[in-house]
file protein27.cif (mmCIF, C-alpha atoms and all ligand atoms)
data_query
#
loop_
_atom_site.label_atom_id
_atom_site.label_comp_id
_atom_site.auth_asym_id
_atom_site.auth_seq_id
_atom_site.Cartn_x
_atom_site.Cartn_y
_atom_site.Cartn_z
CA MET A 91 16.06 47.80 69.06
CA SER A 92 18.39 50.77 69.24
CA VAL A 93 21.66 51.60 70.92
CA THR A 94 21.67 55.23 71.95
CA ALA A 95 23.97 57.80 73.60
CA ALA A 96 26.90 59.48 71.96
CA ARG A 97 29.35 60.71 74.56
CA ARG A 98 32.98 59.73 74.14
CA PRO A 99 34.99 58.03 76.91
CA ALA A 100 36.28 60.43 79.56
CA SER A 101 39.04 57.99 80.46
CA GLU A 102 39.97 54.37 79.90
CA ASN A 103 37.92 53.34 82.92
CA VAL A 104 34.61 54.64 81.66
CA ASN A 105 32.70 53.99 78.46
CA ARG A 106 31.25 56.52 76.05
CA ILE A 107 28.27 57.23 78.31
CA GLY A 108 30.54 57.77 81.29
CA LEU A 109 29.85 54.50 83.16
CA GLU A 110 32.39 52.20 84.77
CA ILE A 111 32.25 48.46 84.22
CA ALA A 112 30.99 48.05 87.80
CA SER A 113 27.67 49.52 86.60
CA TYR A 114 27.21 46.46 84.37
CA LYS A 115 27.85 43.75 86.95
CA GLY A 116 25.34 41.71 88.93
CA ALA A 117 25.34 39.57 92.07
CA LYS A 118 28.07 37.03 92.76
CA SER A 119 27.40 33.82 90.82
CA THR A 120 26.17 30.78 92.74
CA LEU A 121 26.68 28.46 89.75
CA CYS A 122 29.35 25.72 89.89
CA ALA A 123 32.98 26.66 89.36
CA GLY A 124 33.91 26.41 85.67
CA CYS A 125 30.29 26.41 84.47
CA GLY A 126 30.17 27.82 80.92
CA HIS A 127 27.23 30.02 81.88
CA ASN A 128 29.52 32.15 84.07
CA SER A 129 31.71 32.92 81.03
CA ILE A 130 28.64 33.97 79.04
CA SER A 131 27.52 36.32 81.86
CA GLN A 132 30.98 37.89 81.87
CA ARG A 133 30.90 38.42 78.08
CA ILE A 134 27.45 40.05 78.38
CA ILE A 135 28.86 42.48 80.97
CA GLU A 136 31.84 43.32 78.74
CA CYS A 137 29.78 43.78 75.57
CA PHE A 138 27.18 46.15 77.03
CA PHE A 139 29.96 48.12 78.75
CA GLU A 140 32.10 48.40 75.62
CA MET A 141 29.11 49.33 73.43
CA GLY A 142 28.09 52.04 75.88
CA VAL A 143 24.51 50.80 76.28
CA ALA A 144 22.89 52.06 79.48
CA PRO A 145 21.98 49.01 81.62
CA TRP A 146 18.54 50.43 82.36
CA GLN A 147 17.87 50.34 78.61
CA VAL A 148 17.92 46.52 78.82
CA ALA A 149 15.13 44.14 79.89
CA LYS A 150 16.27 40.64 80.94
CA PHE A 151 14.00 37.58 80.81
CA SER A 152 14.49 33.96 81.78
CA GLY A 153 12.63 30.78 82.70
CA ILE A 154 13.86 27.90 84.85
CA GLY A 155 17.23 26.15 84.97
CA CYS A 156 20.84 27.00 85.78
CA SER A 157 20.98 29.24 82.69
CA SER A 158 17.86 31.06 83.82
CA LYS A 159 19.54 32.04 87.09
CA SER A 160 22.21 33.89 85.06
CA PRO A 161 20.42 37.26 84.72
CA ALA A 162 21.04 37.76 88.45
CA TYR A 163 24.78 37.81 87.69
CA PHE A 164 24.90 40.65 85.14
CA LEU A 165 23.35 44.10 84.58
CA SER A 166 21.79 44.50 88.02
CA GLN A 167 20.42 47.90 86.94
CA ALA A 168 18.45 46.41 84.02
CA HIS A 169 14.76 45.57 84.13
CA GLY A 170 14.19 41.87 84.76
CA PHE A 171 11.57 39.14 84.95
CA ASN A 172 12.31 35.52 85.90
CA GLY A 173 9.27 33.60 84.73
CA VAL A 174 8.11 30.00 84.67
CA HIS A 175 9.74 27.19 82.72
CA GLY A 176 10.08 27.91 78.98
CA ARG A 177 7.95 31.06 79.00
CA ALA A 178 10.64 33.73 78.59
CA PRO A 179 9.76 34.22 74.86
CA ALA A 180 6.17 35.17 75.79
CA LEU A 181 7.36 37.49 78.56
CA GLY A 182 9.88 39.15 76.26
CA THR A 183 7.39 39.49 73.41
CA GLY A 184 4.89 41.25 75.66
CA ALA A 185 7.43 43.58 77.20
CA ILE A 186 9.03 44.52 73.89
CA LEU A 187 5.63 45.18 72.32
CA ALA A 188 4.89 47.53 75.21
CA ASN A 189 8.24 49.28 74.87
CA HIS A 190 10.30 48.51 71.78
CA LYS A 191 12.94 51.05 72.79
CA LEU A 192 14.20 48.53 75.34
CA ILE A 193 16.79 45.92 74.38
CA GLY A 194 15.26 42.55 75.22
CA LEU A 195 17.71 39.89 76.39
CA VAL A 196 16.69 36.31 77.17
CA THR A 197 19.01 33.75 78.74
CA SER A 198 17.56 30.30 78.45
CA GLY A 199 18.84 26.75 78.44
CA ASP A 200 18.49 23.80 76.11
CA GLY A 201 15.89 22.19 78.40
CA ASP A 202 14.00 25.46 78.87
CA THR A 203 14.01 26.20 75.11
CA ALA A 204 13.89 22.87 73.29
CA SER A 205 11.47 20.92 75.51
CA ILE A 206 8.90 22.65 77.71
CA GLY A 207 9.39 26.02 75.99
CA LEU A 208 9.47 24.79 72.39
CA GLY A 209 6.03 26.17 71.51
CA ASN A 210 6.93 29.59 72.92
CA PHE A 211 10.31 29.48 71.15
CA MET A 212 8.78 28.67 67.74
CA HIS A 213 6.21 31.46 67.87
CA MET A 214 8.88 33.97 68.92
CA LEU A 215 10.87 32.87 65.84
CA ARG A 216 8.03 33.31 63.38
CA ARG A 217 7.35 36.77 64.79
CA ASN A 218 10.99 37.92 64.55
CA VAL A 219 10.59 39.63 67.93
CA PRO A 220 13.39 42.20 68.16
CA MET A 221 15.47 40.85 71.03
CA VAL A 222 18.53 38.74 71.82
CA TYR A 223 17.79 35.11 72.72
CA ILE A 224 20.74 33.18 74.18
CA ILE A 225 20.53 29.42 74.59
CA GLU A 226 23.16 28.30 77.10
CA ASN A 227 23.37 24.81 75.64
CA ASN A 228 25.00 21.98 77.64
CA GLY A 229 22.84 19.04 76.52
CA VAL A 230 21.60 18.24 80.04
CA TYR A 231 19.26 19.44 82.76
CA GLY A 232 21.91 20.67 85.23
CA LEU A 233 19.46 21.87 87.88
CA THR A 234 17.85 18.40 88.21
CA LYS A 235 21.09 16.39 88.22
CA GLY A 236 22.05 15.96 84.58
CA GLN A 237 19.38 14.10 82.57
CA PHE A 238 19.71 14.41 78.76
CA SER A 239 17.94 17.36 77.19
CA ALA A 240 16.46 17.54 73.68
CA THR A 241 19.70 19.01 72.24
CA ALA A 242 21.88 16.07 73.34
CA ASP A 243 23.54 14.37 70.37
CA VAL A 244 22.87 10.76 69.43
CA GLY A 245 25.56 8.60 71.04
CA SER A 246 26.41 11.16 73.72
CA LYS A 247 27.07 9.48 77.08
CA LEU A 248 26.15 10.51 80.60
CA LYS A 249 28.72 10.03 83.39
CA THR A 250 26.72 6.98 84.46
CA GLY A 251 27.31 5.39 81.05
CA VAL A 252 23.74 5.92 79.78
CA VAL A 253 23.80 6.60 76.03
CA ASN A 254 21.39 8.98 74.29
CA ASP A 255 19.56 7.21 71.46
CA LEU A 256 17.32 10.09 70.37
CA PRO A 257 18.18 12.62 67.64
CA PRO A 258 18.77 16.21 68.80
CA ILE A 259 16.77 19.34 68.04
CA ASP A 260 19.04 21.88 66.39
CA CYS A 261 17.84 25.29 67.60
CA CYS A 262 19.85 27.12 64.93
CA LEU A 263 18.23 25.18 62.09
CA MET A 264 14.85 25.87 63.63
CA GLY A 265 15.72 29.56 64.03
CA ILE A 266 16.77 29.93 60.39
CA GLU A 267 13.77 28.02 59.07
CA LEU A 268 11.10 29.76 61.15
CA GLY A 269 12.12 33.40 60.89
CA ALA A 270 14.89 34.56 63.25
CA SER A 271 16.85 37.19 61.34
CA LEU A 272 20.25 36.58 62.97
CA VAL A 273 21.33 33.08 63.96
CA ALA A 274 24.73 32.20 65.38
CA ARG A 275 26.45 29.39 67.21
CA SER A 276 29.37 29.91 69.53
CA PHE A 277 31.24 28.34 72.43
CA SER A 278 31.49 29.79 75.93
CA GLY A 279 35.22 29.02 75.89
CA ASP A 280 35.86 31.18 72.79
CA LYS A 281 35.94 34.65 74.30
CA ASN A 282 36.65 36.63 71.14
CA GLN A 283 34.13 34.94 68.90
CA LEU A 284 31.41 35.04 71.54
CA LYS A 285 31.93 38.77 72.11
CA ALA A 286 31.73 39.56 68.39
CA VAL A 287 28.56 37.48 68.03
CA LEU A 288 26.97 39.06 71.10
CA LYS A 289 27.73 42.60 69.96
CA ALA A 290 26.27 41.89 66.52
CA ALA A 291 23.15 40.50 68.19
CA ILE A 292 22.78 43.57 70.42
CA ALA A 293 23.09 45.91 67.42
CA HIS A 294 20.81 43.81 65.20
CA ARG A 295 17.22 44.96 64.68
CA GLY A 296 15.27 41.73 64.77
CA LEU A 297 15.45 38.43 66.63
CA SER A 298 18.97 37.13 67.27
CA VAL A 299 19.18 33.49 68.33
CA LEU A 300 22.57 32.57 69.80
CA ASP A 301 23.11 28.89 70.52
CA VAL A 302 26.15 28.90 72.80
CA ILE A 303 27.70 25.54 73.72
CA SER A 304 28.25 26.03 77.44
CA PRO A 305 29.66 22.95 79.21
CA CYS A 306 28.12 21.75 82.48
CA THR A 307 31.24 20.91 84.48
CA THR A 308 29.27 18.99 87.09
CA PHE A 309 27.19 16.64 84.91
CA ASN A 310 28.33 16.73 81.28
CA ASP A 311 32.03 17.52 80.90
CA HIS A 312 33.52 14.04 80.55
CA ASP A 313 34.76 11.75 77.74
CA GLY A 314 31.75 10.66 75.70
CA SER A 315 29.95 14.01 76.04
CA THR A 316 29.60 16.09 72.87
CA LYS A 317 29.02 19.28 74.92
CA SER A 318 32.27 19.15 76.91
CA TYR A 319 35.21 21.59 76.84
CA SER A 320 37.49 18.94 75.28
CA TYR A 321 34.95 17.91 72.59
CA MET A 322 34.42 21.53 71.57
CA LYS A 323 38.16 22.21 71.45
CA GLU A 324 38.59 19.28 69.04
CA HIS A 325 35.43 19.69 66.91
CA ASP A 326 34.77 23.45 66.82
CA LEU A 327 34.89 24.60 63.19
CA PRO A 328 34.76 28.42 63.02
CA LEU A 329 33.21 29.63 59.77
CA HIS A 330 35.05 32.94 59.80
CA GLU A 331 36.96 35.30 62.03
CA LEU A 332 34.55 37.88 63.30
CA ASP A 333 35.01 41.58 63.94
CA PHE A 334 32.24 43.82 65.14
CA VAL A 335 32.76 47.51 64.44
CA PRO A 336 30.23 49.74 66.28
CA PHE A 337 28.67 52.65 64.40
CA PHE A 338 30.58 55.16 66.53
CA GLU A 339 34.02 53.81 65.56
CA GLU A 340 35.81 54.32 62.27
CA ILE A 341 36.97 51.23 60.41
CA GLU A 342 40.75 51.23 60.31
CA VAL A 343 41.44 47.55 59.77
CA ASP A 344 43.63 46.94 56.73
CA ILE A 345 42.50 43.74 55.02
CA ALA A 346 42.91 42.90 51.33
CA GLU A 347 39.83 42.93 49.06
CA GLY A 348 38.12 39.61 48.63
CA GLU A 349 39.04 38.22 52.02
CA VAL A 350 36.33 39.99 53.97
CA ARG A 351 32.57 40.04 53.81
CA GLU A 352 30.94 42.98 55.51
CA VAL A 353 27.34 43.08 56.72
CA GLU A 354 25.88 46.43 57.75
CA LEU A 355 23.47 46.27 60.67
CA HIS A 356 20.56 48.68 60.91
CA ASP A 357 22.25 51.13 63.29
CA GLY A 358 25.26 51.44 60.96
CA SER A 359 27.48 49.04 62.90
CA LYS A 360 29.45 46.64 60.72
CA LEU A 361 29.93 42.95 61.04
CA ARG A 362 33.17 41.90 59.32
CA LEU A 363 33.45 38.25 58.43
CA LYS A 364 37.00 37.30 57.52
CA LYS A 365 37.13 34.19 55.36
CA LEU A 366 38.98 31.23 56.83
CA ASP A 367 39.44 28.23 54.56
CA ARG A 368 36.03 28.18 52.92
CA ASP A 369 33.55 30.46 51.20
CA TYR A 370 30.50 31.04 53.31
CA ASP A 371 27.64 33.41 52.64
CA PRO A 372 25.77 34.11 55.91
CA THR A 373 22.95 35.84 54.02
CA SER A 374 21.91 32.61 52.26
CA LYS A 375 19.24 30.70 54.17
CA LEU A 376 19.64 27.58 52.07
CA GLY A 377 23.44 27.69 52.29
CA ALA A 378 23.26 27.98 56.08
CA VAL A 379 20.91 25.02 56.43
CA GLN A 380 23.07 22.90 54.13
CA ALA A 381 26.29 23.82 55.94
CA ILE A 382 24.82 22.93 59.36
CA HIS A 383 23.59 19.55 58.11
CA GLN A 384 26.93 18.76 56.43
CA ALA A 385 28.90 19.67 59.56
CA ALA A 386 26.62 17.51 61.74
CA GLU A 387 27.22 14.54 59.42
CA ARG A 388 30.97 15.00 59.94
CA GLY A 389 30.58 15.35 63.73
CA GLU A 390 31.76 18.97 63.59
CA VAL A 391 30.25 21.99 65.33
CA LEU A 392 30.08 25.00 63.01
CA THR A 393 30.46 28.26 64.94
CA GLY A 394 30.11 31.88 63.90
CA ILE A 395 27.31 33.90 62.28
CA LEU A 396 25.33 31.19 60.49
CA TYR A 397 22.62 33.43 59.05
CA VAL A 398 21.80 37.12 59.01
CA ASN A 399 19.11 39.15 57.29
CA SER A 400 19.39 42.77 58.39
CA SER A 401 16.33 43.92 56.45
CA ALA A 402 13.75 41.37 57.67
CA ARG A 403 10.51 42.79 59.03
CA THR A 404 10.19 42.53 62.80
CA LEU A 405 7.04 42.08 64.85
CA ILE A 406 7.06 45.85 65.46
CA ASP A 407 6.94 46.45 61.68
CA MET A 408 4.34 43.75 61.07
CA LEU A 409 1.99 45.33 63.62
CA ASN A 410 2.65 48.85 62.31
CA LEU A 411 3.45 50.15 65.78
CA GLY A 412 4.52 53.76 65.76
CA ASP A 413 7.88 55.01 66.92
CA GLU A 414 6.58 55.98 70.35
CA PRO A 415 6.33 52.96 72.68
CA LEU A 416 2.83 51.93 73.72
CA SER A 417 3.92 52.19 77.36
CA THR A 418 4.56 55.93 77.07
CA LEU A 419 1.56 56.93 74.95
CA PRO A 420 -0.83 59.21 76.86
CA GLU A 421 -4.21 57.84 77.89
CA SER A 422 -5.92 60.12 75.39
CA LYS A 423 -4.25 58.09 72.61
CA VAL A 424 -4.61 54.56 73.94
CA ARG A 425 -8.19 54.80 75.31
CA PRO A 426 -10.87 55.26 72.61
CA PRO A 427 -13.45 57.96 73.43
CA LYS A 428 -17.00 56.93 74.42
CA GLU A 429 -18.31 57.81 70.96
CA ALA A 430 -15.89 55.36 69.30
CA LEU A 431 -16.89 52.56 71.69
CA ASP A 432 -20.58 53.36 71.13
CA GLN A 433 -20.05 53.13 67.38
CA ILE A 434 -18.34 49.73 67.70
CA MET A 435 -21.19 48.47 69.86
CA GLU A 436 -23.69 49.74 67.34
CA GLU A 437 -21.91 47.91 64.52
CA LEU A 438 -22.01 44.68 66.49
CA ARG A 439 -25.77 44.77 67.08
FE1 LIG A 501 26.51 24.92 85.53
FE2 LIG A 501 26.02 22.29 85.46
FE3 LIG A 501 26.58 23.47 87.78
FE4 LIG A 501 24.26 23.94 86.57
S1 LIG A 501 24.96 21.97 87.40
S2 LIG A 501 25.61 25.46 87.50
S3 LIG A 501 24.85 23.89 84.39
S4 LIG A 501 27.96 23.28 86.01
#
call {"tool": "encode", "arguments": {"input": "protein27.cif", "output": "structure tokens", "more": "lines below"}}
Ligand code: SF4
result
Amino acid sequence: MSVTAARRPASENVNRIGLEIASYKGAKSTLCAGCGHNSISQRIIECFFEMGVAPWQVAKFSGIGCSSKSPAYFLSQAHGFNGVHGRAPALGTGAILANHKLIGLVTSGDGDTASIGLGNFMHMLRRNVPMVYIIENNGVYGLTKGQFSATADVGSKLKTGVVNDLPPIDCCLMGIELGASLVARSFSGDKNQLKAVLKAAIAHRGLSVLDVISPCTTFNDHDGSTKSYSYMKEHDLPLHELDFVPFFEEIEVDIAEGEVREVELHDGSKLRLKKLDRDYDPTSKLGAVQAIHQAAERGEVLTGILYVNSSARTLIDMLNLGDEPLSTLPESKVRPPKEALDQIMEELR
């Protein structure tokens, strides 16, 4: 995954590649008023605009659900494929293998990812497919009237009073364990944190899994829900204050030694993690898993960059694909000559 182009802004209204923010918008949202997914779409628009990534350098993928309608509402000039339920990881993997110069971006939901799409999700994780995978997590199936999904917490209540008795799947824990190289949790209502996390994910070379708590105002934003705006405001425990400094900007922030941890991403961008009231090392897999479990036991929701490994091998490395995308290689390189095919046939006799 790479972020290219180097022109500087011509004015405050255009970014460093000369585009206005209008070039990053999509159709008008048809989701419910106040739906967290609308905030996430807006942050996606702002991040790609501010980073100066050309929208046609992005390929959007989704499955089924309210979250999977979101790609219609941002980056209308990007490539896009709305597939069947839970299959966005397979679509994205195929497209990125064909052209790894594109920035793959999946918007999925908790139902799409953690139930019908779980097999696809797990194999994308173990392959560290270089793309950004956003789970717009509200704990319910919004599109089919608010049944619990597999990420609903034990004890969480529906509006009807039905209580969830089953333990949740934690997509961040799964991501860390199975091979995603950047894993973060955020909240659609925390604009600054979500933007920093999204920018880091876009600049990261490898699979970024972002589990974003995104309340469903119609079916799961009441007392008793653990995915509501009020629950998140009371139980959100940010691990650090996040700054993302793109490679084309100089670092001018004046912060005393020892209070900041800096992680360099592969394109030279910097992720600055300012310590809050605890020491946290986002490069430790074991530490991340332990911290998530401990927070869950206390009923808290840890947010921020939970885990990052900026040197992990991606699927592109594992398959030894060259720099030139398969989709642009000439036929003379991708189609073996008759003699080579004859030799293979001979060997198989
Ligand atoms: Fe958003 Fe819920 Fe409405 Fe779907 S039903 S658009 S998730 S608020």
call {"tool": "axis_aligned_box", "arguments": {"input": "protein27.cif", "around": "ligand LIG 501 (chain A)", "padding_each_side": "4 Å", "output": "lines of an AutoDock Vina configuration file"}}
result
center_x = 26.1
center_y = 23.7
center_z = 86.1
size_x = 11.7
size_y = 11.5
size_z = 11.4
call {"tool": "residues_near_ligand", "arguments": {"input": "protein27.cif", "ligand": "ligand LIG 501 (chain A)", "cutoff": "10 Å", "atoms": "all atoms listed in the file", "output": "PyMOL selection string"}}
result
chain A and resi 119-128+155-160+199+226-236+304-311
call {"tool": "atom_distance", "arguments": {"input": "protein27.cif", "atom1": "CA of Arg133 (chain A)", "atom2": "CA of Phe337 (chain A)"}}
result
19.9 Å
call {"tool": "residues_around", "arguments": {"input": "protein27.cif", "residues": "Ala117 (chain A)", "least_positions_apart": "6", "cutoff": "10 Å", "atoms": "all atoms listed in the file", "output": "PyMOL selection string"}}
result
chain A and resi 160-166
call {"tool": "write_last_selection", "arguments": {"input": "protein27.cif", "atoms": "C-alpha atoms", "output": "compact mmCIF listing (two decimals), in the coordinates of the input"}}
result
# COMPACT_ATOMS: atom_id res chain seq x y z
CA SER A 160 22.21 33.89 85.06
CA PRO A 161 20.42 37.26 84.72
CA ALA A 162 21.04 37.76 88.45
CA TYR A 163 24.78 37.81 87.69
CA PHE A 164 24.90 40.65 85.14
CA LEU A 165 23.35 44.10 84.58
CA SER A 166 21.79 44.50 88.02
call {"tool": "atom_distance", "arguments": {"input": "protein27.cif", "atom1": "CA of Val219 (chain A)", "atom2": "CA of Ile303 (chain A)"}}
result
22.9 Å
call {"tool": "closest_residue", "arguments": {"input": "protein27.cif", "among": "A:Gly153, A:Gly170, A:Pro426, A:Gly269", "to": "Asn399 (chain A)", "atoms": "all atoms listed in the file"}}
result
A:Gly269
call {"tool": "atom_distance", "arguments": {"input": "protein27.cif", "atom1": "CA of Leu419 (chain A)", "atom2": "CA of Ile406 (chain A)"}}
result
15.6 Å
call {"tool": "closest_residue", "arguments": {"input": "protein27.cif", "among": "A:Glu421, A:Asp280, A:Asp200, A:Glu352", "to": "Ile225 (chain A)", "atoms": "only C-alpha atoms"}}
result
A:Asp200
call {"tool": "residues_around", "arguments": {"input": "protein27.cif", "residues": "Ala270 (chain A)", "least_positions_apart": "6", "cutoff": "7 Å", "atoms": "all atoms listed in the file", "output": "list in words"}}
result
Leu215, Arg216, Asn218, Leu297, Ser298 and Val299 of chain A
call {"tool": "residues_around", "arguments": {"input": "protein27.cif", "residues": "Glu140 (chain A)", "least_positions_apart": "2", "cutoff": "12 Å", "atoms": "only C-alpha atoms", "output": "CSV table (one decimal) with C-alpha atoms, in the coordinates of the input"}}
result
chain,number,residue,atom,x,y,z
A,93,VAL,CA,21.7,51.6,70.9
A,98,ARG,CA,33.0,59.7,74.1
A,99,PRO,CA,35.0,58.0,76.9
A,102,GLU,CA,40.0,54.4,79.9
A,103,ASN,CA,37.9,53.3,82.9
A,104,VAL,CA,34.6,54.6,81.7
A,105,ASN,CA,32.7,54.0,78.5
A,106,ARG,CA,31.2,56.5,76.0
A,107,ILE,CA,28.3,57.2,78.3
A,108,GLY,CA,30.5,57.8,81.3
A,109,LEU,CA,29.8,54.5,83.2
A,110,GLU,CA,32.4,52.2,84.8
A,111,ILE,CA,32.2,48.5,84.2
A,113,SER,CA,27.7,49.5,86.6
A,114,TYR,CA,27.2,46.5,84.4
A,133,ARG,CA,30.9,38.4,78.1
A,134,ILE,CA,27.4,40.0,78.4
A,135,ILE,CA,28.9,42.5,81.0
A,136,GLU,CA,31.8,43.3,78.7
A,137,CYS,CA,29.8,43.8,75.6
A,138,PHE,CA,27.2,46.2,77.0
A,142,GLY,CA,28.1,52.0,75.9
A,143,VAL,CA,24.5,50.8,76.3
A,144,ALA,CA,22.9,52.1,79.5
A,145,PRO,CA,22.0,49.0,81.6
A,285,LYS,CA,31.9,38.8,72.1
A,286,ALA,CA,31.7,39.6,68.4
A,288,LEU,CA,27.0,39.1,71.1
A,289,LYS,CA,27.7,42.6,70.0
A,292,ILE,CA,22.8,43.6,70.4
A,334,PHE,CA,32.2,43.8,65.1
A,335,VAL,CA,32.8,47.5,64.4
A,336,PRO,CA,30.2,49.7,66.3
A,338,PHE,CA,30.6,55.2,66.5
A,339,GLU,CA,34.0,53.8,65.6
call {"tool": "residues_around", "arguments": {"input": "protein27.cif", "residues": "Phe171 (chain A)", "least_positions_apart": "6", "cutoff": "7 Å", "atoms": "only C-alpha atoms", "output": "number ranges by chain"}}
result
A: 150-152
call {"tool": "residues_around", "arguments": {"input": "protein27.cif", "residues": "Tyr370 (chain A)", "least_positions_apart": "6", "cutoff": "10 Å", "atoms": "all atoms listed in the file", "output": "list in words"}}
result
Leu329, His330, Arg351, Leu363, Lys364, Gly377, Ala378, Ala381, Ile395 and Leu396 of chain A
call {"tool": "closest_residue", "arguments": {"input": "protein27.cif", "among": "A:Ala204, A:Leu392, A:Leu195, A:Leu263", "to": "Phe238 (chain A)", "atoms": "only C-alpha atoms"}}
result
A:Ala204
